[in-house]
Each structure stands twice: as C-alpha cells, then as structure tokens.
>>> print(open('input_8.txt').read())   # compact mmCIF, C-alpha atoms
# COMPACT_ATOMS: atom_id res chain seq x y z
CA MET A 1 122.91 137.77 83.76
CA LYS A 2 125.95 135.54 83.44
CA ASN A 3 128.15 138.63 82.81
CA LEU A 4 126.79 140.54 85.79
CA PRO A 5 129.80 139.87 88.08
CA ASP A 6 132.22 141.08 85.35
CA PHE A 7 130.14 144.22 84.83
CA ILE A 8 130.11 144.98 88.57
CA THR A 9 133.87 144.33 88.77
CA ARG A 10 134.57 146.80 85.93
CA TRP A 11 132.30 149.33 87.60
CA ILE A 12 134.19 148.99 90.88
CA GLU A 13 137.52 149.50 89.14
CA SER A 14 136.27 152.59 87.27
CA TRP A 15 134.75 154.23 90.35
CA ASN A 16 137.55 156.16 92.03
CA LEU A 17 135.53 157.99 94.67
CA LEU A 18 136.29 155.42 97.46
CA SER A 19 138.96 152.85 98.07
CA GLN A 20 138.78 149.54 96.24
CA GLU A 21 137.87 147.56 99.38
CA TRP A 22 134.98 149.88 100.23
CA ARG A 23 133.73 149.80 96.66
CA ALA A 24 133.78 145.99 96.69
CA LEU A 25 131.90 145.86 100.00
CA ILE A 26 129.26 148.29 98.74
CA ALA A 27 128.81 146.33 95.53
CA ILE A 28 128.51 143.01 97.36
CA GLY A 29 126.03 144.50 99.84
CA ALA A 30 123.96 145.93 96.99
CA LEU A 31 123.99 142.55 95.27
CA VAL A 32 122.82 140.80 98.45
CA LEU A 33 120.05 143.40 98.87
CA MET A 34 118.97 142.89 95.28
CA THR A 35 118.96 139.09 95.86
CA ALA A 36 116.71 139.50 98.91
CA THR A 37 114.34 141.71 96.88
CA VAL A 38 114.14 139.18 94.05
CA ALA A 39 113.61 136.35 96.56
CA PHE A 40 110.69 138.25 98.13
CA VAL A 41 109.11 138.87 94.73
CA VAL A 42 109.55 135.22 93.73
CA SER A 43 107.96 134.04 96.98
CA ARG A 44 104.92 136.27 96.45
CA VAL A 45 104.55 135.06 92.87
CA VAL A 46 104.74 131.42 93.88
CA VAL A 47 102.18 131.97 96.67
CA ARG A 48 99.75 133.57 94.21
CA LEU A 49 100.25 130.72 91.77
CA GLU A 50 99.55 128.24 94.58
CA ARG A 51 96.30 129.99 95.48
CA ARG A 52 95.21 129.97 91.86
CA ALA A 53 96.14 126.30 91.50
CA GLU A 54 94.08 125.40 94.58
CA ARG A 55 90.95 126.59 92.77
CA SER A 56 91.59 124.26 89.85
CA ARG A 57 90.62 120.60 89.73
CA ASN A 58 94.12 119.50 88.84
CA LEU A 59 95.83 118.28 92.01
CA TRP A 60 99.30 117.78 90.61
CA ASP A 61 99.98 121.47 89.95
CA ASP A 62 99.28 122.08 93.64
CA ALA A 63 101.85 119.45 94.59
CA LEU A 64 104.42 120.81 92.15
CA LEU A 65 104.05 124.46 93.19
CA HIS A 66 104.14 123.58 96.88
CA ALA A 67 107.31 121.57 96.30
CA LEU A 68 108.88 124.42 94.26
CA ARG A 69 108.23 127.30 96.67
CA ARG A 70 111.19 126.94 99.02
CA PRO A 71 113.67 125.52 96.46
CA ALA A 72 112.86 128.52 94.21
CA LEU A 73 113.86 130.88 97.00
CA GLY A 74 116.93 128.75 97.59
CA LEU A 75 117.87 129.03 93.91
CA VAL A 76 117.62 132.84 94.02
CA TRP A 77 119.82 133.04 97.10
CA LEU A 78 122.26 130.49 95.69
CA GLN A 79 122.71 132.50 92.51
CA GLY A 80 123.06 135.78 94.41
CA ILE A 81 125.64 134.36 96.79
CA TYR A 82 127.51 132.85 93.84
CA TRP A 83 127.74 136.26 92.16
CA ALA A 84 128.81 137.91 95.40
CA ALA A 85 131.50 135.27 95.94
CA ASP A 86 132.66 135.66 92.34
CA ILE A 87 133.12 139.41 92.86
CA ALA A 88 134.94 138.82 96.13
CA HIS A 89 137.19 136.28 94.42
CA HIS A 90 138.78 139.10 92.35
CA TYR A 91 140.02 140.73 95.55
CA SER A 92 140.75 137.69 97.72
CA GLU A 93 142.75 134.48 97.32
CA ALA A 94 140.77 132.48 99.90
CA ALA A 95 140.33 128.78 99.05
CA LEU A 96 136.58 129.05 99.59
CA PHE A 97 136.19 131.42 96.67
CA GLN A 98 138.20 129.13 94.42
CA ALA A 99 135.62 126.36 94.92
CA ASN A 100 132.80 128.69 93.95
CA ASN A 101 131.80 126.83 90.77
CA THR A 102 131.83 123.45 92.51
CA LEU A 103 129.68 124.75 95.35
CA LEU A 104 127.22 126.16 92.83
CA LYS A 105 126.88 122.75 91.14
CA LEU A 106 126.43 120.98 94.47
CA GLY A 107 123.87 123.58 95.54
CA ILE A 108 121.85 123.05 92.37
CA ILE A 109 121.90 119.28 92.97
CA VAL A 110 120.64 119.82 96.51
CA LEU A 111 117.85 122.09 95.28
CA VAL A 112 116.77 119.54 92.68
CA VAL A 113 116.70 116.79 95.32
CA TRP A 114 114.75 119.11 97.63
CA THR A 115 112.18 119.77 94.93
CA LEU A 116 111.74 116.12 93.99
CA TRP A 117 111.58 115.10 97.66
CA GLY A 118 108.82 117.61 98.33
CA PHE A 119 106.90 116.60 95.21
CA ILE A 120 107.02 112.94 96.25
CA ARG A 121 105.70 113.84 99.71
CA GLN A 122 102.87 115.93 98.31
CA THR A 123 101.98 113.16 95.86
CA GLU A 124 101.91 110.66 98.73
CA LYS A 125 99.47 112.86 100.68
CA ILE A 126 97.21 113.28 97.66
CA MET A 127 97.10 109.56 96.82
CA VAL A 128 95.94 108.52 100.32
CA SER A 129 93.61 111.46 101.05
CA PRO A 130 89.88 110.58 100.87
CA LEU A 131 89.13 114.31 100.51
CA LYS A 132 91.18 114.69 97.33
CA MET A 133 90.79 111.25 95.72
CA GLU A 134 87.55 109.46 94.98
CA ARG A 135 89.29 106.14 95.55
CA PRO A 136 92.30 106.73 97.80
CA MET A 137 95.06 104.18 97.55
CA ASP A 138 96.31 102.02 100.39
CA TYR A 139 98.69 103.98 102.62
CA THR A 140 101.11 101.08 103.01
CA THR A 141 101.52 100.68 99.24
CA VAL A 142 101.87 104.40 98.61
CA SER A 143 104.39 104.68 101.45
CA ALA A 144 106.49 101.84 100.00
CA VAL A 145 106.54 103.38 96.51
CA SER A 146 107.39 106.84 97.87
CA LYS A 147 110.24 105.43 99.96
CA LEU A 148 111.62 103.65 96.90
CA ALA A 149 111.34 106.83 94.81
CA ARG A 150 113.12 108.88 97.45
CA ALA A 151 115.87 106.28 97.66
CA VAL A 152 116.35 106.46 93.88
CA VAL A 153 116.51 110.28 93.99
CA VAL A 154 119.13 110.24 96.75
CA ILE A 155 121.29 107.62 95.03
CA VAL A 156 121.22 109.48 91.70
CA ALA A 157 122.01 112.76 93.49
CA ILE A 158 124.99 111.20 95.29
CA LEU A 159 126.39 109.79 92.04
CA THR A 160 125.91 113.14 90.27
CA ALA A 161 127.60 114.99 93.12
CA MET A 162 130.55 112.60 93.03
CA GLN A 163 130.86 113.16 89.29
CA SER A 164 130.85 116.95 89.91
CA LEU A 165 133.61 116.54 92.48
CA GLY A 166 135.81 114.75 89.94
CA PHE A 167 135.24 111.14 90.93
CA SER A 168 134.73 108.50 88.24
CA ILE A 169 131.25 107.00 88.47
CA SER A 170 132.29 103.90 86.54
CA GLY A 171 135.01 103.25 89.11
CA VAL A 172 132.54 103.74 91.96
CA LEU A 173 130.08 101.34 90.35
CA ALA A 174 132.80 98.75 89.77
CA PHE A 175 133.91 99.07 93.38
CA GLY A 176 130.31 98.68 94.47
CA GLY A 177 129.92 95.51 92.44
CA VAL A 178 133.04 93.92 93.93
CA GLY A 179 132.40 95.16 97.44
CA GLY A 180 128.72 94.22 97.31
CA ILE A 181 129.58 90.57 97.91
CA ALA A 182 131.54 91.38 101.07
CA VAL A 183 128.87 93.78 102.25
CA GLY A 184 126.22 91.14 101.60
CA PHE A 185 127.96 88.59 103.81
CA ALA A 186 128.67 91.16 106.53
CA ALA A 187 125.15 92.58 106.56
CA LYS A 188 123.08 89.48 105.78
CA ASP A 189 120.67 90.19 108.65
CA LEU A 190 120.19 93.74 107.41
CA LEU A 191 119.53 92.50 103.89
CA ALA A 192 117.14 89.84 105.20
CA ASN A 193 115.17 92.55 106.99
CA PHE A 194 115.22 94.71 103.86
CA PHE A 195 113.82 91.96 101.66
CA GLY A 196 111.38 91.04 104.41
CA GLY A 197 110.05 94.59 104.32
CA PHE A 198 109.91 94.41 100.54
CA MET A 199 107.80 91.24 100.72
CA ILE A 200 105.46 92.90 103.24
CA HIS A 201 104.91 95.77 100.82
CA LEU A 202 104.50 93.34 97.92
CA ASP A 203 102.25 90.69 99.50
CA ARG A 204 100.48 93.09 101.89
CA PRO A 205 99.56 90.58 104.64
CA PHE A 206 98.86 93.63 106.80
CA LYS A 207 98.97 97.40 106.58
CA ILE A 208 99.32 100.32 108.93
CA GLY A 209 96.42 100.35 111.39
CA ASP A 210 95.75 96.59 111.22
CA TRP A 211 95.49 94.39 114.28
CA VAL A 212 97.95 91.50 113.85
CA LYS A 213 98.91 88.59 116.07
CA SER A 214 101.33 85.68 115.92
CA PRO A 215 101.05 83.04 118.66
CA GLU A 216 104.44 81.64 117.63
CA LYS A 217 106.33 84.76 118.76
CA GLN A 218 103.75 86.21 121.18
CA ILE A 219 103.23 89.20 118.91
CA GLU A 220 99.91 91.02 119.08
CA GLY A 221 98.98 94.64 118.57
CA VAL A 222 98.24 97.38 116.04
CA VAL A 223 100.72 98.12 113.24
CA GLU A 224 101.99 101.70 113.49
CA HIS A 225 104.85 101.80 111.00
CA ILE A 226 106.35 99.52 108.35
CA GLY A 227 109.96 100.38 107.65
CA TRP A 228 112.61 98.74 105.53
CA ARG A 229 114.22 97.13 108.57
CA LEU A 230 111.68 97.18 111.40
CA THR A 231 107.94 97.08 111.79
CA THR A 232 106.55 98.95 114.79
CA ILE A 233 103.58 97.34 116.55
CA ARG A 234 101.74 99.00 119.42
CA THR A 235 100.66 96.29 121.86
CA PHE A 236 97.35 96.51 123.72
CA ASP A 237 99.13 97.66 126.88
CA GLN A 238 100.35 100.64 124.80
CA ARG A 239 103.96 99.50 124.56
CA PRO A 240 105.84 99.76 121.26
CA LEU A 241 107.11 96.45 119.88
CA TYR A 242 109.83 96.60 117.22
CA VAL A 243 109.86 93.46 115.07
CA PRO A 244 112.58 92.86 112.42
CA ASN A 245 110.96 92.32 109.04
CA ALA A 246 112.82 89.05 108.50
CA PHE A 247 110.61 87.41 111.16
CA PHE A 248 107.52 87.85 109.00
CA THR A 249 108.99 85.60 106.32
CA THR A 250 109.27 82.64 108.72
CA ILE A 251 106.22 82.92 111.01
CA SER A 252 102.47 82.76 110.53
CA VAL A 253 100.68 86.06 111.03
CA GLU A 254 96.98 86.37 111.73
CA ASN A 255 95.20 89.55 110.70
CA PRO A 256 91.94 89.82 112.69
CA SER A 257 91.30 93.28 111.23
CA ARG A 258 90.18 91.63 107.98
CA MET A 259 87.56 89.41 109.59
CA VAL A 260 84.08 89.70 108.09
CA ALA A 261 82.27 88.83 111.34
CA ARG A 262 83.05 88.11 114.99
CA ARG A 263 82.16 84.75 116.49
CA ILE A 264 80.24 84.07 119.69
CA TYR A 265 80.78 80.54 120.96
CA GLU A 266 79.27 79.88 124.38
CA THR A 267 78.02 76.90 126.39
CA VAL A 268 75.00 77.47 128.65
CA GLY A 269 74.15 74.90 131.33
CA VAL A 270 70.60 74.11 132.55
CA ARG A 271 69.71 72.03 135.61
CA TYR A 272 68.93 68.31 135.23
CA VAL A 273 65.49 68.82 136.79
CA ASP A 274 64.60 71.09 133.84
CA VAL A 275 65.21 68.47 131.18
CA ALA A 276 61.55 68.59 130.12
CA HIS A 277 61.98 72.22 129.02
CA MET A 278 65.15 71.74 126.99
CA ALA A 279 63.53 71.51 123.56
CA SER A 280 61.48 74.67 124.03
CA ILE A 281 64.42 76.57 125.51
CA VAL A 282 66.66 75.67 122.56
CA GLU A 283 63.98 76.66 120.05
CA SER A 284 63.38 80.01 121.81
CA ILE A 285 67.09 80.84 121.79
CA ARG A 286 67.30 79.93 118.11
CA GLU A 287 64.34 82.17 117.31
CA MET A 288 65.84 85.04 119.29
CA LEU A 289 69.08 84.82 117.27
CA ARG A 290 67.12 84.84 113.99
CA ASN A 291 65.50 88.14 114.92
CA HIS A 292 68.50 89.85 116.53
CA ARG A 293 69.66 92.89 114.54
CA ASP A 294 73.37 92.40 115.36
CA ILE A 295 73.56 88.75 114.27
CA ASP A 296 74.91 88.07 110.79
CA GLN A 297 72.25 85.89 109.21
CA ASP A 298 74.53 85.00 106.30
CA GLN A 299 76.88 83.15 108.65
CA LEU A 300 76.40 79.79 110.35
CA THR A 301 74.21 79.81 113.48
CA ILE A 302 73.87 76.71 115.66
CA VAL A 303 71.84 76.28 118.86
CA ASN A 304 71.64 72.67 120.06
CA PHE A 305 71.38 70.55 123.19
CA ASP A 306 75.02 69.51 123.25
CA ARG A 307 75.70 67.01 126.06
CA PHE A 308 74.98 65.70 129.53
CA ASN A 309 77.62 67.34 131.69
CA ALA A 310 78.57 66.49 135.25
CA SER A 311 76.03 68.86 136.82
CA SER A 312 74.23 70.49 133.89
CA LEU A 313 72.55 69.97 130.56
CA ASP A 314 74.72 71.95 128.13
CA ILE A 315 73.34 74.06 125.27
CA MET A 316 75.83 75.12 122.57
CA VAL A 317 75.33 78.63 121.15
CA TYR A 318 77.40 79.26 118.01
CA THR A 319 76.80 82.41 115.95
CA PHE A 320 78.47 85.48 114.39
CA THR A 321 77.90 89.19 114.95
CA THR A 322 78.05 91.99 112.42
CA ASN A 323 79.86 94.25 114.91
CA LEU A 324 83.58 94.12 114.22
CA ALA A 325 84.71 96.70 116.77
CA TRP A 326 85.77 95.09 120.04
CA ALA A 327 83.59 97.29 122.29
CA ASP A 328 80.49 96.80 120.11
CA TYR A 329 81.11 93.06 119.99
CA GLN A 330 81.30 92.86 123.79
CA ALA A 331 78.05 94.82 124.12
CA THR A 332 76.31 92.46 121.69
CA LYS A 333 77.63 89.40 123.50
CA GLN A 334 76.39 90.74 126.82
CA ASP A 335 72.95 91.41 125.33
CA LEU A 336 72.75 87.85 123.96
CA LEU A 337 73.73 86.25 127.28
CA LEU A 338 71.17 88.31 129.18
CA ARG A 339 68.45 87.39 126.69
CA ILE A 340 69.34 83.71 126.96
CA SER A 341 69.12 83.99 130.76
CA ASP A 342 65.66 85.58 130.44
CA ILE A 343 64.50 82.82 128.07
CA ILE A 344 65.57 80.13 130.54
CA ALA A 345 63.71 81.90 133.35
CA GLU A 346 60.58 82.33 131.19
CA HIS A 347 60.37 78.54 130.79
CA GLY A 348 60.54 78.00 134.52
CA ALA A 349 64.08 76.66 134.41
CA GLU A 350 67.33 77.86 135.96
CA VAL A 351 70.93 78.11 134.90
CA ALA A 352 72.90 75.28 136.45
CA PHE A 353 75.90 75.59 138.69
CA PRO A 354 78.25 72.84 139.93
CA THR A 355 76.49 70.59 142.47
CA ARG A 356 77.16 67.19 144.11
CA THR A 357 74.53 64.73 145.39
CA LEU A 358 75.39 62.12 148.04
CA HIS A 359 73.27 58.92 148.05
CA VAL A 360 73.21 56.89 151.31
CA ALA A 361 72.03 53.27 151.01
CA ASP A 362 70.76 52.77 154.66
CA PRO A 363 70.05 55.28 157.41
CA VAL A 364 72.74 55.53 160.08
CA ARG A 365 71.52 55.04 163.68
CA LEU A 366 73.56 56.40 166.57
CA ARG A 367 73.43 55.27 170.24
CA SER A 368 74.97 56.82 173.30
CA ALA A 369 77.98 55.06 174.76
CA GLY A 370 77.29 56.25 178.37
CA PRO A 371 79.67 58.01 180.79
CA ASP A 372 83.29 56.98 181.06
CA ALA A 373 85.13 56.09 184.28
CA ASN A 374 85.40 59.77 185.27
CA GLY A 375 81.72 60.41 184.74
CA SER A 376 82.17 62.35 181.48
CA PRO A 377 79.83 61.51 178.61
CA GLN A 378 81.37 59.63 175.71
CA PRO A 379 80.64 60.42 172.05
CA PRO A 380 78.00 58.26 170.43
CA GLU A 381 79.10 55.14 168.61
CA PRO A 382 77.52 53.77 165.45
CA ALA A 383 75.04 51.03 166.07
CA ALA A 384 75.68 47.60 164.64
CA ARG A 385 73.70 46.63 161.64
CA ALA A 386 71.33 43.78 162.00
CA GLN A 387 72.09 42.48 158.59
CA GLU A 388 74.41 43.58 155.84
CA PRO A 389 72.70 44.10 152.47
CA GLU A 390 73.42 41.43 149.93
CA HIS A 391 73.98 43.96 147.15
CA GLN A 392 75.75 47.29 147.71
CA GLY A 393 75.24 50.18 145.33
CA PRO A 394 78.15 52.30 144.16
CA GLY A 395 77.23 55.15 146.54
CA ALA A 396 76.57 53.06 149.68
CA GLN A 397 78.33 53.78 152.96
CA PHE A 398 79.15 51.02 155.45
CA ALA A 399 79.15 51.39 159.24
CA ARG A 400 81.87 49.53 161.13
CA PRO A 401 80.31 46.51 162.93
CA GLU A 402 80.73 46.19 166.68
CA THR A 403 82.80 43.25 167.98
CA ASP A 404 82.80 41.53 171.36
CA GLY A 405 85.87 40.64 173.25
CA GLU A 406 89.18 42.40 173.56
CA ALA A 407 90.20 44.91 170.98
>>> encode(input="input_8.txt", output="structure tokens")
Amino acid sequence: MKNLPDFITRWIESWNLLSQEWRALIAIGALVLMTATVAFVVSRVVVRLERRAERSRNLWDDALLHALRRPALGLVWLQGIYWAADIAHHYSEAALFQANNTLLKLGIIVLVVWTLWGFIRQTEKIMVSPLKMERPMDYTTVSAVSKLARAVVVIVAILTAMQSLGFSISGVLAFGGVGGIAVGFAAKDLLANFFGGFMIHLDRPFKIGDWVKSPEKQIEGVVEHIGWRLTTIRTFDQRPLYVPNAFFTTISVENPSRMVARRIYETVGVRYVDVAHMASIVESIREMLRNHRDIDQDQLTIVNFDRFNASSLDIMVYTFTTNLAWADYQATKQDLLLRISDIIAEHGAEVAFPTRTLHVADPVRLRSAGPDANGSPQPPEPAARAQEPEHQGPGAQFARPETDGEA
C-alpha cells in the first residue's frame, strides 16, 4: 500500500490515450472514490462490531469501539488524501504538496487525540451511570480525573506535534521551566483558583447537585459545575453565581445536602389562665411526637414548659424529621403545628397572643362642671379624692386634686 502512489504515477505516464493532466485528474478522482468506498465499508464494519459489543457484558469494548468509529473514518480519508496529494505533487510545485508528510503526521496525532478524548468521555459516562455500574462512582471525582486525563493527552499531543514540526522539546521544556516563575507571578490568581479547584476535587466538601451555603460571602444555592477556575452555583432565585475556586480555601462552607435529618424548633405559647393544663398539654405533645411516622426517633426530641413569657406560657418543641426534601419537611412541620393546636384545644386551653392588662387602684369618679359663661356645657372634671392611699401599687393611677383659690 505504501507503493500505491508510485504505481499510479507509472501507470499515468504509460497511458498515452489522454493528456498527462487529464490522466492525473482521472487517477486522483478514482483514488478519492476508492477512499470513499473503503470509508463506507469501514463504517459499516465498526457499526456491526459496536452492536455485537453491546450484547456482551464487557463495557469497555463498547467505549473503545464508539471512540474509534469516527477516527477510523478520519484515518481512511487522511490516507486517501495523502496518496492523492502525493500523486499531484509529481505534477505540481505548490508548497502545500511539499508539506504532505508533515500534514500526515499532524493528522495522525489529531486522530489519536480524538480517539483518546472519546474513550475518556465514554469511560466517564460508564463510571457514573447507575444503569451500567452496580456501584457508580461520584460524578465530581470522575469528572476531575477525566479532566486531568484530557489535559495530559492534549499536552503530550502538543509536544509531539512540535517535535514533528522540527522544534526541540528539550528547549521548550527548559523555556517552560524558566518562564514558569514569571508566569506564576503574573497569574497567581489563576493558579490560586486552579489549586482551589484541585482541593475541591481532593477533599470533596461538596459535589455537583449539592446545596451549599456560606454566610460569610452570602453564597447559597445548588452546585451546577465545578471547573478548574470557577464553580457555578445556581441560587434559589434561579440566577447563576460564579465563584472563583480560591474563595473556598479561605471561607467556611456548609453543605446542608448531607444532613441526616431536618430540625423543627418551635415555641408555642399558652394563655396564663390555662396554667393548670400545662403538664397534660406537654405530655400529650410529647406522646404525639413519639408516634408520628415522620419524626426521627433516633434523634433528640424535647418538649418542655420553657418559661413565663410576657403574655404567654411558652412550650419548647425540639425534634427532627426524617424528610430531607424541603417541600416534604414543610408539609411535616405544618402537620405538627396543626396537631399541637388541636391538642391545646382538646385540653380546653387556647394559644396565647400578645395582651396587656391595666390595673387601676381606685375607681375614678367624674362630676359635671356646669355651663360656662356662654351657657355651653363644660367637660366633666375629675372629682377630688377624699383621702390619698397610704401605699400606692406599681399600677396605680392618681387623679389631680382640686385646689381652691386662684390658679
């Protein structure tokens, strides 16, 4: 196959029926047609192999064949175009044809990178799929490893391509070592974000899909993407928030998605006149929580008469639910509050609300002041007290005593 262009060239020179240009065009066209035919056959073969591999239990042959399908067609076309360009090079001095061998090497490098890139993607899908793996791996970890593998493939491909183009790899590496210091100082924020992303993938304080919050930076939402520079968080008002990874190395991050139970912490007030029923009310609420199907009995549950408040007797209700989803938790909380309200009513008590009682020490007597000079009635004036009390309570009110004489 390597001598095919030379064979076609000799055939063109020995065929004297048409001019040399027409013979070259016919030969190149025939070669392109043959390349298309071979590419079609290769595609059908690869498709059949993929179908057969899907029926096997081995998942990695599926990934490999799926990654090879398009690069295999690319290889067929690359080789056919190389042969066609080699034939054309005998009859043309164009600079493009002179770089035919270099373009072939670069094309093979691209096809290898394409194959490895596709295989890494297919492997990533297999590792996180619950349908294909009995114990699928964490998506965040698999994504970090696949990104690192793709970066390695690209770097090796670039170095190989530079070597094919005539550059010295040792010189490039030496330049990279010297220039790395300057680049490090110039891009320190970029490097800080890179290592911050690396620490996120290593320590795994959160993963994609987790609900995270940080009161220090007012960050709260669901993690959508963890990159090497930025982490994308979708806030609860559906706005994307892009956080540099370096922030996560200096702030505290709370991950409510990993909670084992949700807490209900409420204070219920009962009227002061119902103090005789407090013990039975507290015991009934405690019994209701013991028998509730959504209350986690392995967690701490406290129901106690807590304190004498300004206008109520407060009962503390402290418990945990097994419902972790926000909507289910709210439904459970509503059910508990309604049941507590029913328990209070069953004991003949009522839920308290803010009230104020005014205590008056002595009754206030009012007398009419009579008509004024114009005959109009005057407002009543407070009557003088016969005797002021010797001791005044804290809530007593005093009427102003009347005085004789001029004001």
>>> atom_distance(input="input_8.txt", atom1="CA of Val153 in chain A", atom2="CA of Asn58 in chain A")
24.8 Å
>>> closest_residue(input="input_8.txt", among="A:Glu266, A:Asp210, A:Glu54, A:Glu124", to="Val317 in chain A", atoms="all atoms listed in the file")
A:Glu266
>>> closest_residue(input="input_8.txt", among="A:Ser284, A:Gln299, A:Ser143, A:Asn323", to="Glu346 in chain A", atoms="only C-alpha atoms")
A:Ser284
>>> residues_around(input="input_8.txt", residues="range 200-205 of chain A", least_positions_apart="3", cutoff="9 Å", atoms="all atoms listed in the file", output="list in words")
Thr140, Thr141, Ser143, Ala144, Val145, Phe195, Gly196, Gly197, Ile226, Asn245, Phe248, Thr249, Val253, Glu254 and Asn255 of chain A
>>> atom_distance(input="input_8.txt", atom1="CA of Arg229 in chain A", atom2="CA of Ala149 in chain A")
17.1 Å
